[in-house]
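Here is the file start.cif (mmCIF, C-alpha atoms and all ligand atoms).
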data_upload
#
loop_
_atom_site.label_atom_id
_atom_site.label_comp_id
_atom_site.auth_asym_id
_atom_site.auth_seq_id
_atom_site.Cartn_x
_atom_site.Cartn_y
_atom_site.Cartn_z
CA MET Z 1202 0.00 0.00 0.00
CA ASN Z 1203 1.34 3.41 -1.02
CA VAL Z 1204 0.32 6.41 1.10
CA LEU Z 1205 1.08 9.94 -0.08
CA ALA Z 1206 1.06 12.28 2.91
CA ILE Z 1207 1.08 16.05 3.22
CA GLU Z 1208 1.93 18.17 6.29
CA SER Z 1209 1.12 21.89 6.25
CA SER Z 1210 -0.05 22.81 9.75
CA CYS Z 1211 2.52 25.54 10.46
CA ASP Z 1212 5.75 26.63 8.76
CA GLU Z 1213 7.05 23.32 7.45
CA SER Z 1214 5.85 22.23 4.01
CA SER Z 1215 6.36 18.52 3.74
CA VAL Z 1216 5.33 15.60 1.54
CA ALA Z 1217 6.21 11.92 2.01
CA VAL Z 1218 5.45 8.58 0.43
CA VAL Z 1219 5.07 5.56 2.70
CA ARG Z 1220 5.12 2.12 1.10
CA ASP Z 1221 3.96 -0.84 3.19
CA GLY Z 1222 4.75 1.07 6.36
CA ARG Z 1223 8.23 2.17 5.21
CA ILE Z 1224 9.16 5.78 4.43
CA VAL Z 1225 10.37 5.76 0.82
CA SER Z 1226 10.57 9.52 0.33
CA LEU Z 1227 10.38 12.66 2.41
CA ARG Z 1228 10.72 16.22 1.20
CA THR Z 1229 10.51 18.91 3.92
CA VAL Z 1230 11.02 22.64 3.47
CA THR Z 1231 11.19 24.90 6.53
CA GLN Z 1232 9.81 28.19 5.27
CA SER Z 1233 12.43 30.93 5.55
CA VAL Z 1234 10.03 33.80 4.84
CA HIS Z 1235 9.22 34.18 8.57
CA ARG Z 1236 12.80 34.83 9.72
CA GLU Z 1237 12.76 38.59 9.35
CA PHE Z 1238 9.51 38.84 11.33
CA GLY Z 1239 10.78 36.98 14.38
CA GLY Z 1240 7.86 34.54 14.34
CA VAL Z 1241 5.54 32.63 12.01
CA VAL Z 1242 3.27 34.97 10.00
CA PRO Z 1243 0.12 32.93 9.27
CA GLU Z 1244 -0.76 34.65 5.98
CA LEU Z 1245 2.77 34.14 4.62
CA ALA Z 1246 2.80 30.52 5.81
CA GLY Z 1247 -0.37 29.77 3.82
CA ARG Z 1248 1.03 31.40 0.69
CA SER Z 1249 4.32 29.51 0.98
CA HIS Z 1250 2.49 26.19 1.30
CA LEU Z 1251 0.58 27.08 -1.84
CA GLN Z 1252 3.83 27.72 -3.70
CA LEU Z 1253 5.48 24.54 -2.45
CA VAL Z 1254 2.88 21.79 -2.20
CA ASP Z 1255 2.66 20.83 -5.86
CA ARG Z 1256 6.43 20.79 -6.39
CA LEU Z 1257 7.09 18.78 -3.21
CA THR Z 1258 4.40 16.25 -4.15
CA HIS Z 1259 6.05 15.76 -7.52
CA GLU Z 1260 9.52 15.45 -5.99
CA ALA Z 1261 8.36 13.00 -3.31
CA SER Z 1262 6.66 10.75 -5.83
CA VAL Z 1263 9.73 10.79 -8.15
CA GLU Z 1264 12.06 10.06 -5.22
CA ALA Z 1265 9.83 7.16 -4.17
CA GLY Z 1266 9.69 5.85 -7.76
CA VAL Z 1267 5.88 5.83 -7.51
CA SER Z 1268 3.55 7.48 -10.01
CA LEU Z 1269 0.49 9.26 -8.65
CA GLU Z 1270 -1.70 6.55 -10.16
CA GLN Z 1271 0.05 4.02 -7.91
CA ILE Z 1272 -0.96 5.91 -4.73
CA ASP Z 1273 -3.60 4.00 -2.74
CA VAL Z 1274 -4.41 6.60 -0.04
CA VAL Z 1275 -3.84 10.35 0.12
CA ALA Z 1276 -3.45 11.70 3.67
CA ALA Z 1277 -3.01 15.19 5.06
CA THR Z 1278 -2.81 16.94 8.39
CA SER Z 1279 -6.27 18.37 9.00
CA GLY Z 1280 -5.47 20.00 12.33
CA PRO Z 1281 -4.71 21.45 14.75
CA GLY Z 1282 -2.72 24.30 13.23
CA LEU Z 1283 -2.98 27.53 11.25
CA ILE Z 1284 -6.22 27.55 9.30
CA GLY Z 1285 -4.82 29.06 6.09
CA SER Z 1286 -1.97 26.56 6.06
CA LEU Z 1287 -4.18 23.56 6.87
CA LEU Z 1288 -6.60 24.52 4.10
CA VAL Z 1289 -3.81 24.43 1.52
CA GLY Z 1290 -2.56 20.92 2.40
CA THR Z 1291 -5.96 19.41 3.16
CA ASN Z 1292 -7.70 20.74 0.06
CA TYR Z 1293 -4.78 19.86 -2.20
CA ALA Z 1294 -4.84 16.30 -0.81
CA ARG Z 1295 -8.62 16.00 -1.12
CA GLY Z 1296 -8.50 17.25 -4.71
CA LEU Z 1297 -5.72 14.82 -5.56
CA ALA Z 1298 -7.55 11.90 -3.94
CA PHE Z 1299 -10.74 12.80 -5.84
CA ALA Z 1300 -8.89 13.07 -9.16
CA LEU Z 1301 -7.18 9.70 -8.59
CA GLY Z 1302 -10.38 8.07 -7.34
CA LYS Z 1303 -8.60 7.08 -4.11
CA PRO Z 1304 -9.58 7.58 -0.45
CA PHE Z 1305 -8.52 10.65 1.50
CA ARG Z 1306 -7.53 10.38 5.16
CA SER Z 1307 -7.46 13.25 7.66
CA VAL Z 1308 -4.64 13.04 10.18
CA HIS Z 1309 -4.46 14.70 13.59
CA HIS Z 1310 -1.08 16.43 13.81
CA LEU Z 1311 -0.42 15.66 17.48
CA GLU Z 1312 -1.47 12.04 17.13
CA ALA Z 1313 1.09 11.74 14.32
CA HIS Z 1314 3.84 13.11 16.60
CA LEU Z 1315 2.92 10.49 19.23
CA TRP Z 1316 3.71 7.60 16.90
CA SER Z 1317 6.62 9.20 15.05
CA ALA Z 1318 9.32 7.32 16.99
CA GLU Z 1319 8.08 4.05 15.45
CA ILE Z 1320 9.42 5.15 12.07
CA GLU Z 1321 12.98 4.75 13.34
CA TYR Z 1322 12.60 2.24 16.16
CA GLY Z 1323 9.70 0.01 15.07
CA GLU Z 1324 6.86 -0.76 17.47
CA LEU Z 1325 7.43 0.63 20.96
CA PRO Z 1326 6.35 -1.28 24.06
CA LEU Z 1327 3.09 0.04 25.51
CA PRO Z 1328 2.38 2.11 27.47
CA PHE Z 1329 4.90 4.83 26.63
CA LEU Z 1330 5.24 8.49 27.50
CA VAL Z 1331 5.76 11.21 24.93
CA LEU Z 1332 7.31 14.57 25.71
CA LEU Z 1333 6.26 16.75 22.79
CA VAL Z 1334 8.16 20.03 22.80
CA SER Z 1335 8.07 22.38 19.82
CA GLY Z 1336 7.44 26.00 18.91
CA GLY Z 1337 3.69 25.47 19.36
CA HIS Z 1338 3.33 22.59 21.82
CA THR Z 1339 4.54 21.43 25.21
CA LEU Z 1340 2.81 18.25 26.22
CA ILE Z 1341 3.41 15.18 28.34
CA ILE Z 1342 1.15 12.44 26.97
CA GLN Z 1343 0.62 8.86 28.00
CA VAL Z 1344 0.05 6.49 25.08
CA GLU Z 1345 -1.72 3.34 26.24
CA ALA Z 1346 -2.62 2.11 22.75
CA LEU Z 1347 -3.79 3.41 19.40
CA ARG Z 1348 -6.52 5.95 20.21
CA ARG Z 1349 -5.93 5.71 23.95
CA TYR Z 1350 -4.12 8.84 24.96
CA THR Z 1351 -4.06 10.82 28.18
CA ILE Z 1352 -2.68 14.33 28.35
CA LEU Z 1353 -0.89 14.40 31.70
CA GLY Z 1354 0.54 17.90 31.49
CA THR Z 1355 0.80 20.89 29.20
CA THR Z 1356 2.08 24.43 29.30
CA VAL Z 1357 -0.18 27.04 30.85
CA ASP Z 1358 1.45 29.82 28.80
CA ASP Z 1359 4.33 29.70 26.29
CA ALA Z 1360 5.43 26.55 24.52
CA LEU Z 1361 9.01 25.55 25.36
CA GLY Z 1362 10.30 26.32 21.84
CA GLU Z 1363 8.48 29.64 21.93
CA ALA Z 1364 10.27 30.49 25.21
CA TYR Z 1365 13.63 29.63 23.58
CA ASP Z 1366 12.74 31.83 20.59
CA LYS Z 1367 11.61 34.78 22.74
CA VAL Z 1368 14.63 34.61 25.03
CA GLY Z 1369 16.90 34.34 21.97
CA LYS Z 1370 15.26 37.45 20.58
CA LEU Z 1371 16.27 39.38 23.73
CA PHE Z 1372 19.87 38.68 22.71
CA GLY Z 1373 19.30 39.63 19.08
CA LEU Z 1374 19.36 36.05 17.82
CA GLY Z 1375 17.48 35.25 14.59
CA PHE Z 1376 14.25 33.25 14.42
CA PRO Z 1377 13.92 30.46 15.31
CA ALA Z 1378 16.56 30.88 18.02
CA GLY Z 1379 16.42 27.49 19.78
CA ALA Z 1380 19.43 25.87 18.13
CA GLU Z 1381 21.60 28.96 18.67
CA VAL Z 1382 20.52 29.27 22.33
CA ASP Z 1383 21.41 25.59 22.72
CA ARG Z 1384 24.90 26.23 21.27
CA LEU Z 1385 25.58 29.38 23.31
CA ALA Z 1386 24.20 27.98 26.56
CA ALA Z 1387 26.58 25.03 26.30
CA GLN Z 1388 29.48 27.51 26.58
CA GLY Z 1389 28.02 29.36 29.58
CA ASN Z 1390 28.05 29.02 33.33
CA PRO Z 1391 24.49 28.21 34.46
CA ARG Z 1392 25.23 29.25 38.06
CA ARG Z 1393 26.49 32.78 37.47
CA PHE Z 1394 22.97 34.24 37.37
CA VAL Z 1395 20.13 33.08 39.52
CA LEU Z 1396 16.81 33.19 37.67
CA THR Z 1397 13.50 32.57 39.39
CA PRO Z 1398 12.70 29.01 38.29
CA PRO Z 1399 9.28 28.15 36.85
CA LYS Z 1400 6.64 27.54 39.49
CA MET Z 1401 6.63 23.94 40.66
CA ASP Z 1402 3.15 22.95 41.78
CA ASP Z 1403 1.53 19.57 42.23
CA SER Z 1404 0.21 19.34 38.70
CA LEU Z 1405 2.24 18.11 35.74
CA ASP Z 1406 1.65 21.39 33.91
CA LEU Z 1407 4.53 23.63 32.94
CA SER Z 1408 4.99 27.38 32.70
CA PHE Z 1409 7.74 29.39 31.02
CA SER Z 1410 6.52 32.97 30.80
CA GLY Z 1411 7.73 33.90 34.32
CA LEU Z 1412 11.19 32.57 33.49
CA LYS Z 1413 11.20 34.55 30.25
CA THR Z 1414 10.39 37.71 32.23
CA ALA Z 1415 13.17 36.86 34.71
CA VAL Z 1416 15.61 36.77 31.77
CA LEU Z 1417 14.30 40.15 30.61
CA TYR Z 1418 14.90 41.69 34.08
CA CYS Z 1419 18.33 40.07 34.27
CA VAL Z 1420 19.31 41.60 30.90
CA ARG Z 1421 18.00 44.97 32.10
CA ASP Z 1422 19.96 44.74 35.36
CA ILE Z 1423 23.29 43.91 33.79
CA GLY Z 1424 22.83 46.42 30.93
CA PRO Z 1425 22.83 45.74 27.18
CA ASP Z 1426 26.62 45.97 26.72
CA ARG Z 1427 27.48 43.55 29.48
CA ALA Z 1428 24.53 41.37 28.50
CA ASP Z 1429 26.22 40.78 25.18
CA THR Z 1430 29.41 39.48 26.74
CA GLN Z 1431 27.51 37.49 29.34
CA ALA Z 1432 24.87 36.10 26.97
CA SER Z 1433 26.10 32.53 27.29
CA ASP Z 1434 25.85 32.60 31.09
CA VAL Z 1435 22.32 34.07 31.08
CA LEU Z 1436 21.20 31.61 28.39
CA ALA Z 1437 22.73 28.72 30.32
CA ALA Z 1438 20.84 29.81 33.47
CA PHE Z 1439 17.59 30.08 31.46
CA GLN Z 1440 18.07 26.69 29.85
CA GLU Z 1441 18.96 24.98 33.11
CA ALA Z 1442 15.88 26.36 34.89
CA ALA Z 1443 13.51 25.60 31.98
CA LEU Z 1444 14.76 22.06 31.42
CA ALA Z 1445 14.97 21.23 35.13
CA SER Z 1446 11.23 21.86 35.37
CA VAL Z 1447 10.53 19.76 32.25
CA SER Z 1448 12.60 16.86 33.47
CA SER Z 1449 11.19 16.98 36.99
CA LYS Z 1450 7.59 16.89 35.71
CA LEU Z 1451 8.47 14.10 33.30
CA ARG Z 1452 10.03 12.14 36.17
CA ARG Z 1453 6.81 12.44 38.17
CA ALA Z 1454 4.73 11.49 35.13
CA ALA Z 1455 6.90 8.39 34.66
CA GLN Z 1456 6.72 7.46 38.34
CA SER Z 1457 2.93 7.58 38.31
CA THR Z 1458 2.33 5.78 34.99
CA SER Z 1459 5.23 3.26 34.79
CA PRO Z 1460 5.86 3.65 31.05
CA ARG Z 1461 7.98 1.10 29.15
CA ALA Z 1462 9.62 3.85 27.08
CA ILE Z 1463 9.93 7.62 26.99
CA VAL Z 1464 9.89 9.39 23.62
CA ALA Z 1465 11.02 12.96 22.98
CA ALA Z 1466 9.41 14.63 19.96
CA GLY Z 1467 9.11 18.10 18.43
CA GLY Z 1468 11.86 20.52 17.36
CA VAL Z 1469 13.14 21.16 20.91
CA ALA Z 1470 13.87 17.43 21.25
CA ALA Z 1471 17.01 18.27 19.25
CA ASN Z 1472 18.33 20.20 22.27
CA THR Z 1473 21.63 18.85 23.58
CA ARG Z 1474 21.00 19.53 27.27
CA LEU Z 1475 17.45 18.14 27.13
CA ARG Z 1476 18.84 14.95 25.62
CA GLN Z 1477 21.42 14.68 28.43
CA LEU Z 1478 18.80 15.22 31.13
CA LEU Z 1479 16.31 12.75 29.65
CA THR Z 1480 18.98 10.13 29.05
CA ALA Z 1481 20.01 10.45 32.72
CA LEU Z 1482 16.35 10.28 33.77
CA GLY Z 1483 15.82 7.13 31.69
CA GLN Z 1484 18.91 5.49 33.21
CA ASP Z 1485 17.82 6.45 36.70
CA LEU Z 1486 14.34 5.00 36.25
CA ALA Z 1487 15.53 2.10 34.05
CA ILE Z 1488 13.23 3.16 31.22
CA PRO Z 1489 14.57 3.39 27.64
CA CYS Z 1490 14.49 6.94 26.35
CA VAL Z 1491 14.34 7.44 22.58
CA PHE Z 1492 15.04 10.47 20.43
CA PRO Z 1493 13.86 10.08 16.85
CA PRO Z 1494 16.12 11.73 14.26
CA LEU Z 1495 15.33 15.40 13.74
CA ARG Z 1496 13.68 14.85 10.33
CA TYR Z 1497 10.94 12.83 12.11
CA CYS Z 1498 10.96 14.97 15.29
CA MET Z 1499 10.20 18.30 13.66
CA ASP Z 1500 6.99 18.80 11.69
CA ASN Z 1501 7.16 16.39 8.75
CA ALA Z 1502 4.94 14.38 6.43
CA ALA Z 1503 6.62 11.04 7.19
CA MET Z 1504 4.85 10.91 10.56
CA ILE Z 1505 1.55 11.80 8.85
CA GLY Z 1506 1.98 8.97 6.33
CA HIS Z 1507 3.14 6.56 9.03
CA LEU Z 1508 0.04 7.17 11.15
CA ALA Z 1509 -2.28 7.08 8.12
CA ALA Z 1510 -0.87 3.65 7.19
CA LYS Z 1511 -1.14 2.46 10.80
CA LEU Z 1512 -4.80 3.53 11.02
CA GLU Z 1513 -5.56 1.87 7.66
CA GLN Z 1514 -3.96 -1.32 8.90
CA ALA Z 1515 -5.96 -1.19 12.14
CA GLY Z 1516 -9.14 -0.77 10.08
CA ILE Z 1517 -9.97 2.56 11.69
CA LYS Z 1518 -12.10 4.59 9.32
CA ASP Z 1519 -12.32 8.20 10.49
CA PRO Z 1520 -14.73 10.54 8.76
CA PRO Z 1521 -12.69 12.98 6.62
CA ALA Z 1522 -12.25 16.09 8.76
CA PRO Z 1523 -12.31 19.54 7.24
CA ALA Z 1524 -9.33 21.72 8.17
CA ARG Z 1525 -9.67 22.17 11.94
CA PRO Z 1526 -7.47 24.83 13.57
CA ARG Z 1527 -8.61 23.52 16.96
CA TRP Z 1528 -8.94 19.78 17.34
CA PRO Z 1529 -8.57 18.45 20.90
CA LEU Z 1530 -6.74 15.14 21.06
CA ALA Z 1531 -9.35 13.96 23.56
CA GLU Z 1532 -12.00 13.99 20.81
CA LEU Z 1533 -10.03 11.41 18.87
CA SER Z 1534 -9.72 9.06 21.79
CA ALA Z 1535 -13.44 9.13 22.43
CA GLU Z 1536 -14.49 8.91 18.77
CA ASN Z 1537 -13.07 5.89 17.15
CA ARG Z 1538 -11.16 3.24 18.97
CA PRO Z 1539 -10.23 -0.16 17.68
CA ALA Z 1540 -12.27 -2.89 19.32
O1 LIG Z 1601 8.74 21.06 15.78
P1 LIG Z 1601 9.33 22.27 15.17
O2 LIG Z 1601 10.35 22.08 14.08
O3 LIG Z 1601 8.23 23.18 14.55
C1 LIG Z 1601 7.25 23.96 15.08
O4 LIG Z 1601 7.11 24.15 16.28
O5 LIG Z 1601 6.56 24.46 14.18
O6 LIG Z 1601 9.98 23.12 16.37
C2 LIG Z 1601 10.57 24.35 16.17
C3 LIG Z 1601 10.99 24.85 17.54
C4 LIG Z 1601 11.46 26.30 17.50
O7 LIG Z 1601 10.86 26.98 18.58
C5 LIG Z 1601 12.97 26.17 17.67
O8 LIG Z 1601 13.56 27.30 18.27
C6 LIG Z 1601 13.07 24.96 18.55
O9 LIG Z 1601 12.08 24.08 18.04
N1 LIG Z 1601 14.39 24.30 18.48
C7 LIG Z 1601 15.21 24.17 19.55
C8 LIG Z 1601 16.38 23.52 19.07
N2 LIG Z 1601 16.20 23.27 17.73
C9 LIG Z 1601 14.98 23.75 17.40
N3 LIG Z 1601 15.07 24.55 20.82
C10 LIG Z 1601 16.08 24.28 21.67
N4 LIG Z 1601 17.22 23.66 21.28
C11 LIG Z 1601 17.41 23.27 20.01
N5 LIG Z 1601 18.55 22.65 19.66
ZN ZN Z 1602 4.31 19.63 15.38
#

Please go through the file and, once you have read it, give me the structure as structure tokens.
Amino acid sequence: MNVLAIESSCDESSVAVVRDGRIVSLRTVTQSVHREFGGVVPELAGRSHLQLVDRLTHEASVEAGVSLEQIDVVAATSGPGLIGSLLVGTNYARGLAFALGKPFRSVHHLEAHLWSAEIEYGELPLPFLVLLVSGGHTLIIQVEALRRYTILGTTVDDALGEAYDKVGKLFGLGFPAGAEVDRLAAQGNPRRFVLTPPKMDDSLDLSFSGLKTAVLYCVRDIGPDRADTQASDVLAAFQEAALASVSSKLRRAAQSTSPRAIVAAGGVAANTRLRQLLTALGQDLAIPCVFPPLRYCMDNAAMIGHLAAKLEQAGIKDPPAPARPRWPLAELSAENRPA
């Protein structure tokens, strides 16, 4: 079975072909048009998807050695995400499916992230925990089975990647700033500045906006000139405080749910320090911790195609969803579960 999958929920335009559960092509473009604005501009994201989707579909099918007529299912992310962007991918996919006389499958973006580690590692033992950290999401989710998900914790304000991007902006770093903050923080002394750590309450929810404000005050106190020379130390203090709260909540989530694996997903999962902390956590709790390669961690169509194929195989027939900017994961779990 050949699945052609399209991802267009935010600022990555991506198309993949999955054959019999194996990724045979993946073309992902991270839109550069947003850089000068310091954040994703929804209108520009939609237009870029429009410019890219046809070309990427062609390239992905050539790379896979599959003609469009040989596609059995066309899948696309239908939500959650930016409405203009979702409409481009979803309607392109629906039109293609109609023209080919093949079924169209709507895919929930977050559900696709949950299963993305399987692309690299094969089936994971259930239950497992997923830490999904990106520019738009910060979630700790328990996966008990296909369509059995429990959100254990989420951010009450900024997403973790968003906090990295905003703090990077304070130091004049380009957008997105996460990778550069990661690099600079590694050279800094995390103990030189004391930043108020995120609030630690009993819930598994996270919060980063207070920490971001603490960085702002710290930069103000030391003055812009000295802030430049001390950037690495401030960024190291920020990173240490932010990731300590993530890893402590994840530890508690793992202690209360006894997962058989922990998966890190989303663009921030590329972070060096986060990987160190989670690896140490996994060793401490004797739970394997997996980090899918970045091409499957960031927003990509391979995970969309992988989940579409998995749902086909499980015989789960979802009604095609229109583009849905808001689409709670909980709705999926309640809707359509395998027997
Ligand atoms: O999943 P992703 O590629 O896409 C969206 O969120 O749309 O994640 C992008 C986010 C950005 O906020 C970026 O700054 C952050 O991931 N990021 C990182 C690193 N690499 C990317 N954050 C911290 N450390 C990194 N090495
Ligand atoms: Zn995502």

Write out as a CSV table (one decimal) with C-alpha atoms, in the coordinates of the input each polymer residue whose atoms come within 12 Å of Thr1414 (chain Z), counting all atoms listed in the file; drop sequence neighbours fewer than 2 positions from it.
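What follows is the written file part.csv:
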chain,number,residue,atom,x,y,z
Z,1359,ASP,CA,4.3,29.7,26.3
Z,1364,ALA,CA,10.3,30.5,25.2
Z,1367,LYS,CA,11.6,34.8,22.7
Z,1368,VAL,CA,14.6,34.6,25.0
Z,1371,LEU,CA,16.3,39.4,23.7
Z,1396,LEU,CA,16.8,33.2,37.7
Z,1397,THR,CA,13.5,32.6,39.4
Z,1398,PRO,CA,12.7,29.0,38.3
Z,1399,PRO,CA,9.3,28.2,36.8
Z,1408,SER,CA,5.0,27.4,32.7
Z,1409,PHE,CA,7.7,29.4,31.0
Z,1410,SER,CA,6.5,33.0,30.8
Z,1411,GLY,CA,7.7,33.9,34.3
Z,1412,LEU,CA,11.2,32.6,33.5
Z,1416,VAL,CA,15.6,36.8,31.8
Z,1417,LEU,CA,14.3,40.2,30.6
Z,1418,TYR,CA,14.9,41.7,34.1
Z,1419,CYS,CA,18.3,40.1,34.3
Z,1420,VAL,CA,19.3,41.6,30.9
Z,1421,ARG,CA,18.0,45.0,32.1
Z,1439,PHE,CA,17.6,30.1,31.5

Name the residues in contact with Ala1346 (chain Z) at a cut-off of 9 Å, using only C-alpha atoms, excluding same-chain residues fewer than 2 positions from it; report them as a PDB file with C-alpha atoms, in the coordinates of the input.
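Output contents, as saved in result.pdb:
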ATOM      1  CA  LEU Z1327       3.090   0.040  25.510  1.00  0.00           C
ATOM      2  CA  PRO Z1328       2.380   2.110  27.470  1.00  0.00           C
ATOM      3  CA  PHE Z1329       4.900   4.830  26.630  1.00  0.00           C
ATOM      4  CA  VAL Z1344       0.050   6.490  25.080  1.00  0.00           C
ATOM      5  CA  ARG Z1348      -6.520   5.950  20.210  1.00  0.00           C
ATOM      6  CA  ARG Z1349      -5.930   5.710  23.950  1.00  0.00           C
ATOM      7  CA  TYR Z1350      -4.120   8.840  24.960  1.00  0.00           C
TER       8      TYR Z1350
END

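Where the distance criterion is 7 Å and the atoms used are only C-alpha atoms and all ligand atoms, the residues close to ligand LIG 1601 (chain Z) are Z:Cys1211, Z:Asp1212, Z:Glu1213, Z:Ser1335, Z:Gly1336, Z:Gly1337, Z:His1338, Z:Gly1362, Z:Glu1363, Z:Tyr1365, Z:Asp1366, Z:Pro1377, Z:Ala1378, Z:Gly1379, Z:Ala1380, Z:Val1382, Z:Asp1383, Z:Gly1467, Z:Gly1468, Z:Val1469, Z:Ala1470, Z:Ala1471, Z:Asn1472, Z:Thr1473, Z:Cys1498, Z:Met1499, Z:Asp1500.
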
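The interatomic distance for the pair CA of Ser1214 (chain Z) and CA of Leu1253 (chain Z) works out to 6.9 Å.
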
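In this model, the gap between CA of Asn1501 (chain Z) and CA of Ala1442 (chain Z) comes to 29.3 Å.
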